[in-house]
Amino acid sequence: MMFKNFKNVDKCTFGRGTFNKLDEILAPHRKADNPAMIFLVDNYFAGKPFTQRVPAQAHDMVLFIDVDPHEPTTEQIDALRDKILAEKGLPSGVVGIGGGSIMDIAKAVSLMLTNEGSSQLYQGLNLIKKEGVYHVGVPTISGTGAEVSMTAVLTGPEKKLGLKCDWTVFNQIVLDPELIAEVPRNQWFYTGMDTYIHCVESMTGHLKNTFSEAYGYKALDLCREVYLGEGSGQKPDNDDKLMVASYFGGLSLSYSEVGVCHALSYGLSYVFGTRHCFANCIIFDQLADYYPEGVREFKQMVKHHDIFIPKNLSKEWTDAQVDKMADVALALTHMWNHAMGPDWKDKVTKQQIKDLYYRM
Ligand code: NAD
Ligand code: ZN
């Protein structure tokens with residue numbers, strides 16, 4: 001029997017224009033002694049008219065964060081936490097407005113405002129000691145499922161691992177598809193494919209079950225409408241679908257697991273800093289042996305939207321780098337266990353994993 005007992009987001013609103021309700025949503029959560037809300041906004045929006053719609057009051061703080069130099073780090077979270085406490089004291093809440101990176105930053109900052117020391121101390125499962133402050137996620141890119149997941153993935157000096165516990169999960173998410181309208185086409189594709197791959201992996205493996213399949217099938221259907229065939233592409237009704245697909249994909253994997261692509265993806269990101277969704281696309285493209293149907297359809301979507309997926313990368317890689325990637329991938333035992341079964345060690349060798357990397 002598989003036992004999971006996962007925490008869902010407390011409240012969720014969905015629809016065009018729901019962002020306009022944010023002020024109203026936050027009001028009851030502003031505490032009398034310190035009503036401050038901290039808005040962590042993706043730097044992409046700095047200086048754009050959208051910022052005037054962020055419902056910041058005089059005592060609040062709006063911080064624009066550039067997520068492009070690197071994925072969120074423990075050092076970055078610690079510095080943000082220190083700055084907020086120094087300038088505002090313990091605020092009433094944190095609101096993240098951005099893509100998967102900002103979702104993770106908002107979750108992590110909420111937790112680190114009440115837990116002492118560096119966030120590196122808490123990379124892992126259930127290491128957080130105290131509930132964080134109220135936190136809200138407003139996604140502006142869809143696909144990672146970070147809006148619903150119970151982890152805030154951080155890169156630390158020693159490892160890339162999430163702060164994972166029930167308190168990580170958002171208290172509120174605001175799913176307003178208008179906010180993803182201008183995502184650049186490549187990013188729209190790579191991040192959306194994270195959802196597609198979450199579903200293929202969660203539904204192909206030993207932990208699959210009716211709960212994860214119910215969300216997974218629907219999310220896959222929505223992905224097909226968004227990325228395949230005539231009606232596909234970036235347009236308002238598809239943005240609605242993609243936003244729901246991301247959420248459902250997250251729920252599908254909450255009650256199952258990801259698999260081979262994500263295991264290899266962590267290796268690639270660890271060694272080369274390749275961003276999660278882009279790394280997944282590079283890897284999934286080579287996984288026809290493991291996910292034949294999914295990879296076939298993925299290639300159709302790539303072709304349909306004429307998306308660049310790099311190939312022949314491995315000719316620049318040293319054996320030591322490939323070896324390290326394989327070690328990182330193999331350490332994700334829960335993913336192999338799901339993908340191949342409890343006897344996975346008899347089925348997959350380190351050399352096979354290295355060979356997969358060498359195909360890229
Ligand atoms: P992202 O947040 O890294 O942003 C990618 C780019 O898009 C950035 O340049 C950003 O400024 C820009 N951007 C954001 N919103 C935009 C908009 N509306 N219009 C135009 N540009 C916009 O992208 P992502 O793919 O959503 O997130 C990837 C991150 O999510 C990684 O750090 C990964 O580790 C994390 N992740 C977390 C989970 C989880 O469960 N916690 C799951 C998967 C991935
Ligand atoms: Zn993913």
# chains A, B, ... in the order shown; residues from 1 in each chain; ligands from 1
>>> residues_around(residues="region 143-159 of chain A", least_positions_apart="2", cutoff="8 Å", atoms="only C-alpha atoms", output="NGL selection string")
:A and (7-9 or 71-75 or 100 or 103-105 or 107-108 or 120 or 123 or 137-139 or 141 or 161-170 or 173 or 191-195 or 242-243 or 245-251 or 254 or 277)
>>> write_last_selection(atoms="N, CA and C atoms", output="tab-separated table (two decimals), in the first residue's frame")
chain	number	residue	atom	x	y	z
A	7	LYS	N	-0.81	17.77	2.05
A	7	LYS	CA	-1.46	19.03	2.40
A	7	LYS	C	-1.75	19.78	1.09
A	8	ASN	N	-2.97	20.21	0.93
A	8	ASN	CA	-3.34	20.98	-0.25
A	8	ASN	C	-3.26	22.48	0.07
A	9	VAL	N	-3.32	23.31	-0.97
A	9	VAL	CA	-3.40	24.75	-0.69
A	9	VAL	C	-4.72	25.03	0.03
A	71	GLU	N	18.78	29.76	-10.42
A	71	GLU	CA	17.58	29.31	-9.72
A	71	GLU	C	17.72	29.71	-8.25
A	72	PRO	N	16.62	29.74	-7.48
A	72	PRO	CA	16.70	30.24	-6.10
A	72	PRO	C	17.76	29.52	-5.25
A	73	THR	N	18.49	30.31	-4.47
A	73	THR	CA	19.54	29.73	-3.62
A	73	THR	C	19.24	29.97	-2.14
A	74	THR	N	19.86	29.17	-1.30
A	74	THR	CA	19.69	29.32	0.15
A	74	THR	C	20.22	30.68	0.61
A	75	GLU	N	21.33	31.08	0.01
A	75	GLU	CA	21.95	32.37	0.37
A	75	GLU	C	20.99	33.53	0.07
A	100	GLY	N	7.79	29.83	-11.51
A	100	GLY	CA	8.13	28.80	-10.52
A	100	GLY	C	9.22	29.27	-9.55
A	103	MET	N	7.61	31.45	-7.00
A	103	MET	CA	6.76	30.64	-6.12
A	103	MET	C	7.62	30.01	-5.02
A	104	ASP	N	8.77	29.45	-5.43
A	104	ASP	CA	9.65	28.80	-4.45
A	104	ASP	C	10.26	29.82	-3.49
A	105	ILE	N	10.62	30.99	-4.01
A	105	ILE	CA	11.21	32.02	-3.14
A	105	ILE	C	10.18	32.46	-2.09
A	107	LYS	N	7.60	30.80	-0.91
A	107	LYS	CA	7.37	29.72	0.07
A	107	LYS	C	8.53	29.66	1.07
A	108	ALA	N	9.75	29.73	0.54
A	108	ALA	CA	10.92	29.61	1.41
A	108	ALA	C	11.04	30.81	2.36
A	120	GLN	N	19.82	26.56	4.60
A	120	GLN	CA	20.50	25.28	4.28
A	120	GLN	C	20.24	24.22	5.33
A	123	GLN	N	17.03	22.04	4.31
A	123	GLN	CA	16.85	21.38	3.01
A	123	GLN	C	16.60	19.89	3.24
A	137	GLY	N	0.55	32.65	-3.42
A	137	GLY	CA	1.24	32.48	-4.69
A	137	GLY	C	0.38	32.97	-5.85
A	138	VAL	N	0.97	33.83	-6.68
A	138	VAL	CA	0.28	34.32	-7.87
A	138	VAL	C	1.15	33.97	-9.07
A	139	PRO	N	0.91	32.81	-9.71
A	139	PRO	CA	1.78	32.41	-10.82
A	139	PRO	C	1.60	33.30	-12.06
A	141	ILE	N	3.69	32.31	-14.82
A	141	ILE	CA	4.04	31.34	-15.86
A	141	ILE	C	3.39	30.04	-15.37
A	161	LEU	N	18.04	20.91	-3.05
A	161	LEU	CA	16.98	20.15	-2.40
A	161	LEU	C	15.97	21.13	-1.80
A	162	GLY	N	14.72	20.71	-1.76
A	162	GLY	CA	13.67	21.60	-1.31
A	162	GLY	C	13.51	21.66	0.20
A	163	LEU	N	12.87	22.77	0.66
A	163	LEU	CA	12.35	22.82	2.01
A	163	LEU	C	10.96	22.20	1.88
A	164	LYS	N	10.82	21.01	2.40
A	164	LYS	CA	9.60	20.25	2.10
A	164	LYS	C	8.86	19.91	3.39
A	165	CYS	N	7.69	20.45	3.55
A	165	CYS	CA	6.85	20.09	4.70
A	165	CYS	C	5.44	20.65	4.44
A	166	ASP	N	4.50	20.31	5.31
A	166	ASP	CA	3.13	20.78	5.11
A	166	ASP	C	3.04	22.31	5.11
A	167	TRP	N	3.89	22.95	5.93
A	167	TRP	CA	3.83	24.42	6.03
A	167	TRP	C	4.37	25.13	4.80
A	168	THR	N	5.05	24.37	3.92
A	168	THR	CA	5.56	25.00	2.70
A	168	THR	C	4.40	25.40	1.78
A	169	VAL	N	3.35	24.62	1.81
A	169	VAL	CA	2.24	24.79	0.87
A	169	VAL	C	1.57	26.17	1.06
A	170	PHE	N	1.23	26.80	-0.05
A	170	PHE	CA	0.62	28.13	0.02
A	170	PHE	C	-0.70	28.11	0.80
A	173	ILE	N	-3.72	30.62	-3.34
A	173	ILE	CA	-3.17	30.90	-4.67
A	173	ILE	C	-4.22	31.64	-5.48
A	191	THR	N	8.23	25.51	-19.97
A	191	THR	CA	7.58	25.39	-18.66
A	191	THR	C	6.29	24.57	-18.76
A	192	GLY	N	5.54	24.75	-19.85
A	192	GLY	CA	4.32	23.95	-20.04
A	192	GLY	C	4.65	22.47	-20.15
A	193	MET	N	5.78	22.16	-20.79
A	193	MET	CA	6.17	20.76	-20.92
A	193	MET	C	6.50	20.12	-19.57
A	194	ASP	N	6.85	20.95	-18.58
A	194	ASP	CA	7.07	20.38	-17.25
A	194	ASP	C	5.78	19.69	-16.78
A	195	THR	N	4.65	20.34	-17.01
A	195	THR	CA	3.37	19.72	-16.66
A	195	THR	C	3.15	18.42	-17.44
A	242	LEU	N	-3.93	26.02	-19.75
A	242	LEU	CA	-2.58	25.71	-19.28
A	242	LEU	C	-2.46	25.96	-17.77
A	243	MET	N	-3.12	27.01	-17.30
A	243	MET	CA	-3.03	27.32	-15.88
A	243	MET	C	-3.67	26.21	-15.03
A	245	ALA	N	-4.04	23.07	-16.15
A	245	ALA	CA	-3.23	21.87	-16.37
A	245	ALA	C	-2.05	21.83	-15.39
A	246	SER	N	-1.41	22.98	-15.19
A	246	SER	CA	-0.26	23.04	-14.28
A	246	SER	C	-0.67	22.61	-12.87
A	247	TYR	N	-1.80	23.14	-12.44
A	247	TYR	CA	-2.32	22.83	-11.11
A	247	TYR	C	-2.68	21.34	-10.99
A	248	PHE	N	-3.38	20.83	-12.00
A	248	PHE	CA	-3.76	19.41	-11.98
A	248	PHE	C	-2.54	18.50	-12.06
A	249	GLY	N	-1.56	18.89	-12.89
A	249	GLY	CA	-0.33	18.11	-13.00
A	249	GLY	C	0.37	18.02	-11.65
A	250	GLY	N	0.37	19.14	-10.93
A	250	GLY	CA	0.96	19.15	-9.59
A	250	GLY	C	0.23	18.20	-8.66
A	251	LEU	N	-1.09	18.18	-8.76
A	251	LEU	CA	-1.88	17.29	-7.90
A	251	LEU	C	-1.66	15.83	-8.30
A	254	SER	N	1.54	14.84	-6.81
A	254	SER	CA	1.49	14.83	-5.34
A	254	SER	C	1.11	13.46	-4.82
A	277	CYS	N	12.95	23.32	-16.37
A	277	CYS	CA	12.01	22.97	-17.44
A	277	CYS	C	12.74	22.74	-18.76
>>> closest_residue(among="A:Lys324, A:Lys354, A:Arg185, A:Arg16", to="ligand 1", atoms="only C-alpha atoms and all ligand atoms")
A:Arg185
>>> residues_around(residues="region 335-337 of chain A", least_positions_apart="3", cutoff="7 Å", atoms="only C-alpha atoms", output="PyMOL selection string")
chain A and resi 257-260+263+332+340-342+344
>>> write_last_selection(atoms="N, CA, C and O atoms", output="PDB file, in the first residue's frame")
ATOM      1  N   GLU A 257       4.619  10.014  -8.189  1.00  0.00           N
ATOM      2  CA  GLU A 257       6.025  10.420  -8.172  1.00  0.00           C
ATOM      3  C   GLU A 257       6.399  10.822  -9.591  1.00  0.00           C
ATOM      4  O   GLU A 257       5.736  10.416 -10.542  1.00  0.00           O
ATOM      5  N   VAL A 258       7.471  11.578  -9.720  1.00  0.00           N
ATOM      6  CA  VAL A 258       8.046  11.761 -11.044  1.00  0.00           C
ATOM      7  C   VAL A 258       9.012  10.604 -11.307  1.00  0.00           C
ATOM      8  O   VAL A 258       9.208   9.763 -10.440  1.00  0.00           O
ATOM      9  N   GLY A 259       9.590  10.573 -12.515  1.00  0.00           N
ATOM     10  CA  GLY A 259      10.369   9.384 -12.875  1.00  0.00           C
ATOM     11  C   GLY A 259      11.726   9.679 -13.483  1.00  0.00           C
ATOM     12  O   GLY A 259      12.456  10.567 -13.019  1.00  0.00           O
ATOM     13  N   VAL A 260      12.029   8.950 -14.566  1.00  0.00           N
ATOM     14  CA  VAL A 260      13.373   8.944 -15.149  1.00  0.00           C
ATOM     15  C   VAL A 260      13.811  10.339 -15.609  1.00  0.00           C
ATOM     16  O   VAL A 260      14.934  10.770 -15.362  1.00  0.00           O
ATOM     17  N   ALA A 263      14.742  12.541 -12.642  1.00  0.00           N
ATOM     18  CA  ALA A 263      15.988  12.090 -11.997  1.00  0.00           C
ATOM     19  C   ALA A 263      17.188  12.597 -12.802  1.00  0.00           C
ATOM     20  O   ALA A 263      18.115  13.200 -12.258  1.00  0.00           O
ATOM     21  N   LEU A 332      18.391   9.743  -6.478  1.00  0.00           N
ATOM     22  CA  LEU A 332      16.959  10.033  -6.335  1.00  0.00           C
ATOM     23  C   LEU A 332      16.183   8.715  -6.355  1.00  0.00           C
ATOM     24  O   LEU A 332      15.397   8.428  -7.260  1.00  0.00           O
ATOM     25  N   MET A 340      10.694   2.179 -12.064  1.00  0.00           N
ATOM     26  CA  MET A 340      11.104   0.814 -12.429  1.00  0.00           C
ATOM     27  C   MET A 340      10.665  -0.258 -11.444  1.00  0.00           C
ATOM     28  O   MET A 340      10.848  -1.439 -11.719  1.00  0.00           O
ATOM     29  N   GLY A 341      10.198   0.127 -10.280  1.00  0.00           N
ATOM     30  CA  GLY A 341       9.788  -0.866  -9.289  1.00  0.00           C
ATOM     31  C   GLY A 341      10.826  -1.045  -8.201  1.00  0.00           C
ATOM     32  O   GLY A 341      11.964  -0.584  -8.330  1.00  0.00           O
ATOM     33  N   PRO A 342      10.430  -1.722  -7.111  1.00  0.00           N
ATOM     34  CA  PRO A 342      11.304  -1.863  -5.951  1.00  0.00           C
ATOM     35  C   PRO A 342      12.637  -2.552  -6.276  1.00  0.00           C
ATOM     36  O   PRO A 342      13.638  -2.320  -5.599  1.00  0.00           O
ATOM     37  N   TRP A 344      14.483  -1.911  -8.771  1.00  0.00           N
ATOM     38  CA  TRP A 344      15.071  -1.075  -9.830  1.00  0.00           C
ATOM     39  C   TRP A 344      16.577  -1.222  -9.929  1.00  0.00           C
ATOM     40  O   TRP A 344      17.143  -1.084 -11.007  1.00  0.00           O
TER      41      TRP A 344
END
>>> select_by_dssp(residues="region 185-268 of chain A", states="helix (DSSP H, G or I)", output="PyMOL selection string")
chain A and resi 185-202+210-227+236-254+260-268
>>> residues_around(residues="region 52-65 of chain A", least_positions_apart="6", cutoff="6 Å", atoms="only C-alpha atoms", output="number ranges by chain")
A: 23, 36-43
>>> closest_residue(among="A:Gly132, A:Gly229, A:Gly17, A:Pro69", to="Ser101 (chain A)", atoms="only C-alpha atoms")
A:Pro69
>>> atom_distance(atom1="CA of Val95 (chain A)", atom2="CA of Val244 (chain A)")
20.2 Å
>>> select_by_dssp(residues="region 108-210 of chain A", states="strand (DSSP E)", output="count of residues only")
22
>>> residues_around(residues="region 25-30 of chain A", least_positions_apart="6", cutoff="9 Å", atoms="only C-alpha atoms", output="list in words")
Ala36, Met37, Pro91, Ser92, Gly93, Tyr134, Val136 and Gln172 of chain A
>>> write_last_selection(atoms="N, CA, C and O atoms", output="compact mmCIF listing (two decimals), in the first residue's frame")
# COMPACT_ATOMS: atom_id res chain seq x y z
N ALA A 36 1.99 44.61 7.75
CA ALA A 36 2.77 44.64 6.50
C ALA A 36 2.67 43.34 5.71
O ALA A 36 2.74 42.24 6.25
N MET A 37 2.50 43.50 4.42
CA MET A 37 2.60 42.39 3.46
C MET A 37 3.85 42.64 2.62
O MET A 37 4.11 43.79 2.22
N PRO A 91 6.42 40.36 9.28
CA PRO A 91 5.24 40.86 8.57
C PRO A 91 4.05 39.92 8.71
O PRO A 91 4.18 38.79 9.17
N SER A 92 2.89 40.40 8.26
CA SER A 92 1.69 39.55 8.29
C SER A 92 1.74 38.48 7.22
O SER A 92 1.13 37.42 7.38
N GLY A 93 2.44 38.76 6.11
CA GLY A 93 2.44 37.75 5.05
C GLY A 93 3.40 38.07 3.93
O GLY A 93 4.00 39.15 3.88
N TYR A 134 1.79 33.67 6.79
CA TYR A 134 0.79 33.53 5.73
C TYR A 134 1.45 33.81 4.38
O TYR A 134 2.18 34.79 4.23
N VAL A 136 1.07 33.68 -0.08
CA VAL A 136 0.17 33.65 -1.23
C VAL A 136 1.01 33.50 -2.50
O VAL A 136 2.04 34.15 -2.64
N GLN A 172 -2.85 30.46 0.09
CA GLN A 172 -3.77 30.98 -0.93
C GLN A 172 -3.04 31.01 -2.26
O GLN A 172 -1.87 31.40 -2.31
>>> residues_around(residues="Lys129 (chain A)", least_positions_apart="6", cutoff="9 Å", atoms="only C-alpha atoms", output="compact mmCIF listing (two decimals) with N, CA and C atoms, in the first residue's frame")
# COMPACT_ATOMS: atom_id res chain seq x y z
N THR A 114 10.33 32.69 10.26
CA THR A 114 10.06 32.22 11.63
C THR A 114 11.02 31.11 12.08
N ASN A 115 11.87 30.63 11.19
CA ASN A 115 12.81 29.58 11.58
C ASN A 115 14.23 30.15 11.58
N TYR A 122 17.60 23.45 6.58
CA TYR A 122 16.26 22.87 6.47
C TYR A 122 15.99 22.23 5.12
>>> closest_residue(among="A:Gln286, A:Ser118, A:Asn280, A:Asn238", to="Leu222 (chain A)", atoms="only C-alpha atoms")
A:Asn238
>>> closest_residue(among="A:Met301, A:Ile283, A:Leu127, A:Ala181", to="ligand 1", atoms="only C-alpha atoms and all ligand atoms")
A:Ala181
